[in-house]
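Printed here is final.cif (mmCIF, C-alpha atoms and all ligand atoms):
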data_my_file
#
loop_
_atom_site.label_atom_id
_atom_site.label_comp_id
_atom_site.auth_asym_id
_atom_site.auth_seq_id
_atom_site.Cartn_x
_atom_site.Cartn_y
_atom_site.Cartn_z
CA MET A 283 5.61 17.15 -22.26
CA LEU A 284 5.58 13.39 -21.70
CA ARG A 285 7.86 12.92 -24.67
CA ALA A 286 10.35 15.44 -23.27
CA SER A 287 10.16 14.01 -19.76
CA GLU A 288 12.75 11.57 -18.46
CA ARG A 289 11.34 11.12 -14.99
CA ALA A 290 7.65 11.84 -14.58
CA VAL A 291 5.60 11.36 -11.43
CA VAL A 292 1.88 10.58 -11.51
CA PHE A 293 -0.28 11.79 -8.63
CA THR A 294 -3.80 10.37 -8.43
CA GLY A 295 -7.03 10.99 -6.55
CA ALA A 296 -10.45 9.42 -6.39
CA GLY A 297 -11.21 10.70 -9.93
CA ILE A 298 -9.02 8.07 -11.59
CA SER A 299 -11.16 5.31 -10.08
CA THR A 300 -14.66 6.60 -10.91
CA GLU A 301 -14.45 4.93 -14.34
CA SER A 302 -14.03 1.64 -12.44
CA GLY A 303 -17.28 2.35 -10.61
CA ILE A 304 -15.91 3.67 -7.29
CA PRO A 305 -17.61 6.97 -6.44
CA ASP A 306 -15.35 9.92 -5.55
CA PHE A 307 -15.92 12.31 -2.63
CA ARG A 308 -16.64 15.69 -4.11
CA SER A 309 -18.35 15.15 -7.44
CA PRO A 310 -22.11 15.76 -7.34
CA GLY A 311 -23.58 12.57 -5.85
CA GLY A 312 -20.14 11.67 -4.38
CA LEU A 313 -19.68 9.87 -1.07
CA TRP A 314 -19.67 12.96 1.12
CA THR A 315 -23.05 14.10 -0.03
CA GLN A 316 -24.33 10.93 1.69
CA ASN A 317 -22.13 10.45 4.79
CA ALA A 318 -19.76 12.74 6.66
CA PRO A 319 -16.43 10.93 7.20
CA ILE A 320 -15.67 9.51 10.66
CA ASP A 321 -12.69 11.21 12.34
CA PHE A 322 -9.90 9.11 13.79
CA GLU A 323 -10.54 10.40 17.30
CA ASP A 324 -14.17 9.32 17.13
CA PHE A 325 -13.17 5.89 15.83
CA VAL A 326 -10.77 5.39 18.73
CA SER A 327 -13.03 6.75 21.45
CA SER A 328 -16.41 5.32 20.48
CA ARG A 329 -17.48 1.72 20.03
CA GLU A 330 -20.58 2.98 18.24
CA MET A 331 -18.42 4.87 15.71
CA ARG A 332 -16.24 1.81 15.14
CA ARG A 333 -19.36 -0.20 14.42
CA GLU A 334 -20.60 2.48 12.03
CA ALA A 335 -17.23 2.75 10.27
CA TRP A 336 -17.07 -1.00 9.76
CA ARG A 337 -20.74 -1.17 8.74
CA ARG A 338 -20.03 1.35 5.96
CA ARG A 339 -16.81 -0.35 4.92
CA LEU A 340 -18.33 -3.82 4.78
CA ALA A 341 -21.28 -2.48 2.80
CA MET A 342 -18.72 -1.62 0.11
CA GLU A 343 -16.80 -4.92 0.28
CA ASP A 344 -18.61 -6.53 -2.66
CA MET A 345 -17.55 -3.53 -4.74
CA PHE A 346 -13.95 -3.26 -3.46
CA SER A 347 -13.30 -6.97 -3.85
CA THR A 348 -14.45 -7.05 -7.49
CA VAL A 349 -13.51 -3.67 -9.04
CA GLN A 350 -11.05 -3.68 -11.91
CA PRO A 351 -8.53 -1.09 -13.10
CA ASN A 352 -9.80 1.07 -16.00
CA ALA A 353 -8.22 2.66 -19.08
CA GLY A 354 -6.68 5.42 -16.95
CA HIS A 355 -4.95 3.02 -14.55
CA LEU A 356 -3.76 0.91 -17.50
CA ALA A 357 -2.29 3.93 -19.32
CA VAL A 358 -0.40 4.91 -16.16
CA ALA A 359 0.86 1.33 -15.71
CA GLU A 360 2.11 1.38 -19.30
CA LEU A 361 3.99 4.66 -18.68
CA VAL A 362 5.62 3.07 -15.64
CA ARG A 363 6.51 -0.05 -17.63
CA ARG A 364 8.19 2.10 -20.29
CA GLY A 365 10.24 3.89 -17.65
CA LYS A 366 8.58 7.27 -18.29
CA VAL A 367 7.03 7.40 -14.85
CA SER A 368 9.18 6.69 -11.79
CA HIS A 369 6.43 6.65 -9.14
CA VAL A 370 2.68 6.77 -8.73
CA ILE A 371 1.75 8.78 -5.65
CA THR A 372 -1.86 8.07 -4.79
CA GLN A 373 -4.46 9.33 -2.35
CA ASN A 374 -6.57 6.33 -3.27
CA ILE A 375 -7.09 3.41 -0.98
CA ASP A 376 -8.45 0.95 -3.55
CA ASN A 377 -5.23 -0.88 -4.60
CA LEU A 378 -6.10 -0.40 -8.30
CA HIS A 379 -2.65 0.89 -9.31
CA GLN A 380 -1.07 -2.31 -7.99
CA ASP A 381 -3.87 -4.33 -9.63
CA SER A 382 -3.12 -2.63 -12.96
CA GLY A 383 0.46 -3.89 -12.87
CA VAL A 384 2.46 -1.06 -11.29
CA PRO A 385 5.08 -2.75 -9.06
CA GLY A 386 4.22 -2.20 -5.38
CA GLU A 387 7.48 -0.41 -4.65
CA GLN A 388 6.60 2.26 -7.25
CA VAL A 389 3.19 2.99 -5.71
CA ILE A 390 3.24 5.42 -2.80
CA GLU A 391 0.01 5.34 -0.79
CA LEU A 392 -0.51 8.59 1.12
CA HIS A 393 -3.83 7.57 2.66
CA GLY A 394 -3.22 3.87 3.14
CA ASN A 395 -5.20 0.96 1.75
CA THR A 396 -8.73 -0.22 2.49
CA ARG A 397 -8.28 -3.68 1.04
CA TYR A 398 -6.97 -4.96 4.37
CA ALA A 399 -7.11 -4.01 8.05
CA LYS A 400 -4.47 -3.33 10.70
CA CYS A 401 -4.25 -3.23 14.47
CA LEU A 402 -3.86 0.36 15.61
CA ASP A 403 -1.55 -0.74 18.47
CA CYS A 404 0.80 -3.41 17.12
CA GLY A 405 0.28 -3.01 13.36
CA GLU A 406 -0.67 -6.67 12.83
CA ARG A 407 -2.34 -7.14 9.43
CA MET A 408 -5.79 -8.68 9.19
CA GLU A 409 -7.78 -9.54 6.06
CA ILE A 410 -11.26 -8.10 5.50
CA ALA A 411 -13.02 -11.49 5.21
CA PRO A 412 -12.45 -12.57 8.85
CA VAL A 413 -13.39 -9.08 10.09
CA ARG A 414 -16.61 -9.37 8.12
CA ALA A 415 -17.35 -12.84 9.48
CA HIS A 416 -16.81 -11.60 13.06
CA PHE A 417 -18.90 -8.49 12.43
CA GLU A 418 -21.76 -10.51 11.00
CA THR A 419 -21.75 -12.91 13.95
CA HIS A 420 -21.18 -10.46 16.82
CA GLY A 421 -22.25 -7.05 15.48
CA ASP A 422 -18.79 -5.64 16.30
CA PRO A 423 -15.39 -5.81 14.60
CA PRO A 424 -12.90 -8.18 16.27
CA ASP A 425 -10.06 -6.95 18.48
CA CYS A 426 -6.48 -7.73 17.48
CA ALA A 427 -5.68 -11.42 18.03
CA MET A 428 -2.09 -10.53 18.96
CA CYS A 429 -2.57 -7.69 21.44
CA GLY A 430 -6.27 -6.91 21.86
CA GLY A 431 -5.92 -3.52 20.12
CA LEU A 432 -8.49 -1.87 17.87
CA VAL A 433 -8.74 -3.13 14.29
CA LYS A 434 -9.24 -0.53 11.56
CA THR A 435 -8.91 -0.58 7.78
CA ALA A 436 -5.31 0.24 6.85
CA THR A 437 -6.36 3.73 5.76
CA ILE A 438 -5.54 7.19 7.08
CA SER A 439 -8.63 8.91 8.48
CA PHE A 440 -9.06 12.60 9.08
CA GLY A 441 -7.23 13.39 12.31
CA GLN A 442 -4.89 10.40 11.96
CA ALA A 443 -1.13 10.90 11.54
CA MET A 444 0.16 10.71 7.96
CA PRO A 445 2.40 7.71 7.20
CA GLU A 446 5.91 9.12 7.62
CA GLU A 447 7.72 6.78 5.29
CA ALA A 448 5.23 7.27 2.44
CA MET A 449 5.35 11.05 2.87
CA ALA A 450 9.16 11.04 2.76
CA ARG A 451 9.25 8.81 -0.33
CA ALA A 452 6.64 10.96 -2.06
CA GLN A 453 8.64 14.11 -1.36
CA GLU A 454 11.80 12.54 -2.69
CA ALA A 455 10.11 11.31 -5.88
CA THR A 456 8.38 14.65 -6.45
CA ILE A 457 11.60 16.65 -6.12
CA ALA A 458 13.47 14.27 -8.43
CA GLY A 459 10.78 14.40 -11.13
CA ASP A 460 10.73 16.69 -14.19
CA LEU A 461 6.97 16.35 -14.89
CA PHE A 462 4.17 16.06 -12.34
CA LEU A 463 0.90 14.71 -13.65
CA VAL A 464 -2.20 15.11 -11.45
CA LEU A 465 -5.05 12.77 -12.41
CA GLY A 466 -8.46 13.11 -10.78
CA SER A 467 -7.91 15.08 -7.60
CA SER A 468 -9.75 18.19 -6.47
CA LEU A 469 -6.48 19.09 -4.65
CA VAL A 470 -8.14 20.23 -1.45
CA VAL A 471 -7.01 17.53 1.03
CA TYR A 472 -3.71 18.52 2.69
CA PRO A 473 -0.92 17.61 3.11
CA ALA A 474 -1.38 15.50 -0.03
CA ALA A 475 -2.46 18.54 -2.04
CA GLY A 476 0.89 20.20 -1.28
CA PHE A 477 2.77 17.96 -3.73
CA PRO A 478 1.94 19.79 -7.00
CA ARG A 479 3.33 23.01 -5.54
CA LEU A 480 6.43 21.18 -4.32
CA ALA A 481 6.94 19.80 -7.83
CA LYS A 482 6.67 23.28 -9.35
CA ARG A 483 9.13 24.68 -6.83
CA ALA A 484 11.57 21.90 -7.71
CA GLY A 485 11.35 22.95 -11.37
CA ALA A 486 8.99 20.31 -12.77
CA LYS A 487 6.22 20.99 -15.26
CA LEU A 488 2.74 20.54 -13.78
CA VAL A 489 -0.17 19.00 -15.69
CA ILE A 490 -3.66 18.58 -14.23
CA VAL A 491 -6.28 16.30 -15.79
CA ASN A 492 -9.65 16.67 -14.06
CA ARG A 493 -13.24 16.90 -15.21
CA GLU A 494 -13.92 19.95 -13.04
CA PRO A 495 -11.67 22.88 -12.14
CA THR A 496 -9.31 22.22 -9.19
CA GLU A 497 -7.86 24.44 -6.47
CA GLN A 498 -4.54 24.61 -8.29
CA ASP A 499 -5.38 25.02 -11.97
CA GLU A 500 -3.81 28.48 -12.01
CA ILE A 501 -0.30 27.25 -11.19
CA ALA A 502 -0.36 24.43 -13.77
CA ASP A 503 1.48 24.50 -17.11
CA LEU A 504 -1.39 22.58 -18.70
CA VAL A 505 -4.94 21.86 -17.53
CA ILE A 506 -7.20 19.39 -19.31
CA HIS A 507 -10.82 19.33 -18.18
CA ALA A 508 -11.80 15.92 -19.56
CA GLY A 509 -12.15 12.26 -18.61
CA ILE A 510 -8.94 10.56 -17.45
CA GLY A 511 -9.30 7.28 -19.36
CA GLU A 512 -9.75 8.90 -22.77
CA THR A 513 -7.13 11.61 -22.08
CA MET A 514 -4.43 9.22 -20.92
CA GLN A 515 -5.11 6.69 -23.68
CA ALA A 516 -4.82 9.54 -26.21
CA ALA A 517 -1.58 10.72 -24.58
CA LEU A 518 -0.20 7.20 -24.77
CA ALA A 519 -1.18 6.89 -28.45
CA ALA A 520 0.45 10.26 -29.23
CA LEU A 521 3.64 9.12 -27.50
CA GLY A 522 3.87 6.32 -30.05
P1 LIG B 601 -12.09 14.25 -4.79
O1 LIG B 601 -13.34 13.43 -4.73
O2 LIG B 601 -11.97 15.41 -3.90
O3 LIG B 601 -11.86 14.77 -6.27
C1 LIG B 601 -11.99 13.93 -7.38
C2 LIG B 601 -11.94 14.80 -8.62
O4 LIG B 601 -11.89 13.96 -9.76
C3 LIG B 601 -13.16 15.69 -8.77
O5 LIG B 601 -12.73 17.03 -8.92
C4 LIG B 601 -13.84 15.19 -10.06
O6 LIG B 601 -14.29 16.24 -10.87
C5 LIG B 601 -12.72 14.48 -10.77
N1 LIG B 601 -13.15 13.32 -11.57
C6 LIG B 601 -14.01 12.32 -11.19
N2 LIG B 601 -14.06 11.38 -12.15
C7 LIG B 601 -13.26 11.79 -13.16
C8 LIG B 601 -12.91 11.24 -14.43
N3 LIG B 601 -13.38 10.05 -14.84
N4 LIG B 601 -12.08 11.96 -15.23
C9 LIG B 601 -11.57 13.16 -14.81
N5 LIG B 601 -11.86 13.70 -13.62
C10 LIG B 601 -12.69 13.03 -12.80
O7 LIG B 601 -10.90 13.20 -4.62
P2 LIG B 601 -9.48 13.39 -3.94
O8 LIG B 601 -8.85 14.68 -4.34
O9 LIG B 601 -8.78 12.12 -4.21
O10 LIG B 601 -9.79 13.50 -2.38
C11 LIG B 601 -10.65 12.58 -1.79
C12 LIG B 601 -10.05 11.72 -0.68
O11 LIG B 601 -10.89 10.60 -0.53
C13 LIG B 601 -8.71 11.18 -0.99
O12 LIG B 601 -7.90 11.52 0.05
C14 LIG B 601 -8.87 9.65 -1.05
O13 LIG B 601 -8.06 9.08 -0.04
C15 LIG B 601 -10.27 9.35 -0.64
N6 LIG B 601 -11.09 8.54 -1.59
C16 LIG B 601 -10.53 7.50 -2.25
C17 LIG B 601 -11.27 6.75 -3.16
C18 LIG B 601 -10.61 5.58 -3.85
O14 LIG B 601 -9.69 5.00 -3.32
N7 LIG B 601 -11.02 5.22 -5.07
C19 LIG B 601 -12.60 7.09 -3.40
C20 LIG B 601 -13.17 8.16 -2.71
C21 LIG B 601 -12.38 8.89 -1.80
ZN ZN B 602 -2.39 -5.67 17.89
#
What is this file in structure tokens?
Ligand code: NAD
Ligand code: ZN
Amino acid sequence: MLRASERAVVFTGAGISTESGIPDFRSPGGLWTQNAPIDFEDFVSSREMRREAWRRRLAMEDMFSTVQPNAGHLAVAELVRRGKVSHVITQNIDNLHQDSGVPGEQVIELHGNTRYAKCLDCGERMEIAPVRAHFETHGDPPDCAMCGGLVKTATISFGQAMPEEAMARAQEATIAGDLFLVLGSSLVVYPAAGFPRLAKRAGAKLVIVNREPTEQDEIADLVIHAGIGETMQAALAALG
């Protein structure tokens, strides 16, 4: 299918990053089995929740600041480099597609990025290191230096509006594609999980690579229940 494709789109979830050492949400032992996520509304309305959200995020900073792309990310980056894949639509917030060499304008982040922070009011960008320094000194995250607004990682929480521009670009890329390759998503978080169906409706072939069954295996043209790194490296080798 990759060989026949002229314009493939890759769609990734937390599963592509587990081989880099970042736990996913829904695998046994995944993040949710430990902590329920904090809703946007709670973040905005409660200082205690903001503290807790930042405490959890900063506890993962040593991991996020040192993780490296794995064989799966590298295979995808190679497919982009060869012109096989037009866009990588990702639910991930870890920046590993960009780190693996996919040009930023070809990565579409549906759930934002946790490698930096943003003011919820004016959008001013802030790096994680100064937030951490402030948190460690004062026990609270800083307010925005520009406008005094709340500072949150540049991610989309449950209850928070989806990024309009990213959604529109993802739709456009999906409809234009002839092959839609899902790598490592349980396909349960909407609206992101609506893209495979959109691809099918637009006439693309749908391939799902995931260790466990997903919500949408039955509509796929091909399902591979195996590890992403080995599967994508094998696909790349077969492509020649
Ligand atoms: P998910 O946790 O719901 O599903 C991940 C799927 O990947 C699981 O079905 C699992 O079986 C599979 N998987 C795990 N490792 C694999 C591997 N090496 N090979 C093949 N399959 C593997 O993830 P989701 O669908 O992305 O939804 C979770 C949400 O959480 C997303 O919206 C994302 O924003 C966020 N999240 C992101 C990260 C990250 O950025 N790395 C990590 C955790 C959660
Ligand atoms: Zn601000």
So, with all atoms listed in the file as the atoms that count, which of A:His369, A:Glu288, A:Leu378, A:Arg363 lies closest to A:Ile304? A:Leu378
Show me, as JSON lines, the residues of chain A having an atom within 7 Å of ligand ZN 602 (chain B), each with the closest atom pair and its distance in Å, using all atoms listed in the file.
{"residue": "A:Cys401", "atom": "CA", "partner": "B:ZN602", "partner_atom": "ZN", "distance": 4.6}
{"residue": "A:Leu402", "atom": "CA", "partner": "B:ZN602", "partner_atom": "ZN", "distance": 6.6}
{"residue": "A:Asp403", "atom": "CA", "partner": "B:ZN602", "partner_atom": "ZN", "distance": 5.0}
{"residue": "A:Cys404", "atom": "CA", "partner": "B:ZN602", "partner_atom": "ZN", "distance": 4.0}
{"residue": "A:Gly405", "atom": "CA", "partner": "B:ZN602", "partner_atom": "ZN", "distance": 5.9}
{"residue": "A:Glu406", "atom": "CA", "partner": "B:ZN602", "partner_atom": "ZN", "distance": 5.4}
{"residue": "A:Cys426", "atom": "CA", "partner": "B:ZN602", "partner_atom": "ZN", "distance": 4.6}
{"residue": "A:Ala427", "atom": "CA", "partner": "B:ZN602", "partner_atom": "ZN", "distance": 6.6}
{"residue": "A:Met428", "atom": "CA", "partner": "B:ZN602", "partner_atom": "ZN", "distance": 5.0}
{"residue": "A:Cys429", "atom": "CA", "partner": "B:ZN602", "partner_atom": "ZN", "distance": 4.1}
{"residue": "A:Gly430", "atom": "CA", "partner": "B:ZN602", "partner_atom": "ZN", "distance": 5.7}
{"residue": "A:Gly431", "atom": "CA", "partner": "B:ZN602", "partner_atom": "ZN", "distance": 4.7}
Write out as a PyMOL selection string each polymer residue (protein, DNA or RNA) that has an atom no more than 8 Å from ligand LIG 601 (chain B), with all atoms listed in the file counted. chain A and resi 294-301+304-309+312-313+372-377+392-396+438+465-471+474-475+491-496+507-511
Can I get the selected residues back with C-alpha atoms, as a PDB file, in the frame of the given file?
ATOM      1  CA  THR A 294      -3.800  10.370  -8.430  1.00  0.00           C
ATOM      2  CA  GLY A 295      -7.030  10.990  -6.550  1.00  0.00           C
ATOM      3  CA  ALA A 296     -10.450   9.420  -6.390  1.00  0.00           C
ATOM      4  CA  GLY A 297     -11.210  10.700  -9.930  1.00  0.00           C
ATOM      5  CA  ILE A 298      -9.020   8.070 -11.590  1.00  0.00           C
ATOM      6  CA  SER A 299     -11.160   5.310 -10.080  1.00  0.00           C
ATOM      7  CA  THR A 300     -14.660   6.600 -10.910  1.00  0.00           C
ATOM      8  CA  GLU A 301     -14.450   4.930 -14.340  1.00  0.00           C
ATOM      9  CA  ILE A 304     -15.910   3.670  -7.290  1.00  0.00           C
ATOM     10  CA  PRO A 305     -17.610   6.970  -6.440  1.00  0.00           C
ATOM     11  CA  ASP A 306     -15.350   9.920  -5.550  1.00  0.00           C
ATOM     12  CA  PHE A 307     -15.920  12.310  -2.630  1.00  0.00           C
ATOM     13  CA  ARG A 308     -16.640  15.690  -4.110  1.00  0.00           C
ATOM     14  CA  SER A 309     -18.350  15.150  -7.440  1.00  0.00           C
ATOM     15  CA  GLY A 312     -20.140  11.670  -4.380  1.00  0.00           C
ATOM     16  CA  LEU A 313     -19.680   9.870  -1.070  1.00  0.00           C
ATOM     17  CA  THR A 372      -1.860   8.070  -4.790  1.00  0.00           C
ATOM     18  CA  GLN A 373      -4.460   9.330  -2.350  1.00  0.00           C
ATOM     19  CA  ASN A 374      -6.570   6.330  -3.270  1.00  0.00           C
ATOM     20  CA  ILE A 375      -7.090   3.410  -0.980  1.00  0.00           C
ATOM     21  CA  ASP A 376      -8.450   0.950  -3.550  1.00  0.00           C
ATOM     22  CA  ASN A 377      -5.230  -0.880  -4.600  1.00  0.00           C
ATOM     23  CA  LEU A 392      -0.510   8.590   1.120  1.00  0.00           C
ATOM     24  CA  HIS A 393      -3.830   7.570   2.660  1.00  0.00           C
ATOM     25  CA  GLY A 394      -3.220   3.870   3.140  1.00  0.00           C
ATOM     26  CA  ASN A 395      -5.200   0.960   1.750  1.00  0.00           C
ATOM     27  CA  THR A 396      -8.730  -0.220   2.490  1.00  0.00           C
ATOM     28  CA  ILE A 438      -5.540   7.190   7.080  1.00  0.00           C
ATOM     29  CA  LEU A 465      -5.050  12.770 -12.410  1.00  0.00           C
ATOM     30  CA  GLY A 466      -8.460  13.110 -10.780  1.00  0.00           C
ATOM     31  CA  SER A 467      -7.910  15.080  -7.600  1.00  0.00           C
ATOM     32  CA  SER A 468      -9.750  18.190  -6.470  1.00  0.00           C
ATOM     33  CA  LEU A 469      -6.480  19.090  -4.650  1.00  0.00           C
ATOM     34  CA  VAL A 470      -8.140  20.230  -1.450  1.00  0.00           C
ATOM     35  CA  VAL A 471      -7.010  17.530   1.030  1.00  0.00           C
ATOM     36  CA  ALA A 474      -1.380  15.500  -0.030  1.00  0.00           C
ATOM     37  CA  ALA A 475      -2.460  18.540  -2.040  1.00  0.00           C
ATOM     38  CA  VAL A 491      -6.280  16.300 -15.790  1.00  0.00           C
ATOM     39  CA  ASN A 492      -9.650  16.670 -14.060  1.00  0.00           C
ATOM     40  CA  ARG A 493     -13.240  16.900 -15.210  1.00  0.00           C
ATOM     41  CA  GLU A 494     -13.920  19.950 -13.040  1.00  0.00           C
ATOM     42  CA  PRO A 495     -11.670  22.880 -12.140  1.00  0.00           C
ATOM     43  CA  THR A 496      -9.310  22.220  -9.190  1.00  0.00           C
ATOM     44  CA  HIS A 507     -10.820  19.330 -18.180  1.00  0.00           C
ATOM     45  CA  ALA A 508     -11.800  15.920 -19.560  1.00  0.00           C
ATOM     46  CA  GLY A 509     -12.150  12.260 -18.610  1.00  0.00           C
ATOM     47  CA  ILE A 510      -8.940  10.560 -17.450  1.00  0.00           C
ATOM     48  CA  GLY A 511      -9.300   7.280 -19.360  1.00  0.00           C
TER      49      GLY A 511
END
Separation of atom CA of A:Leu356 from atom CA of A:Gln388, in Å and rounded to one decimal: 14.6 Å
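If you measure from each of A:Glu387, A:Gly421, A:Glu360, A:Ala519 to A:Ala448 using only C-alpha atoms, the closest one turns out to be A:Glu387.
Of the listed residues A:Pro319, A:Gly303, A:Gly459, A:Gly386, the one whose atoms come nearest to A:Pro478 is A:Gly459, with distances taken using all atoms listed in the file.
Excluding A:Arg285 and any residue on its chain fewer than 2 positions from it, the residues at most 7 Å away by all atoms listed in the file are Met283, Ser287 and Leu521 of chain A.
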Which neighbours of A:Val505 fall inside 7 Å, counting all atoms listed in the file, when residues of the same chain fewer than 3 positions from it are skipped, and could you give them as a list in words? Val489, Ile490, Val491, Asp499 and Ala502 of chain A
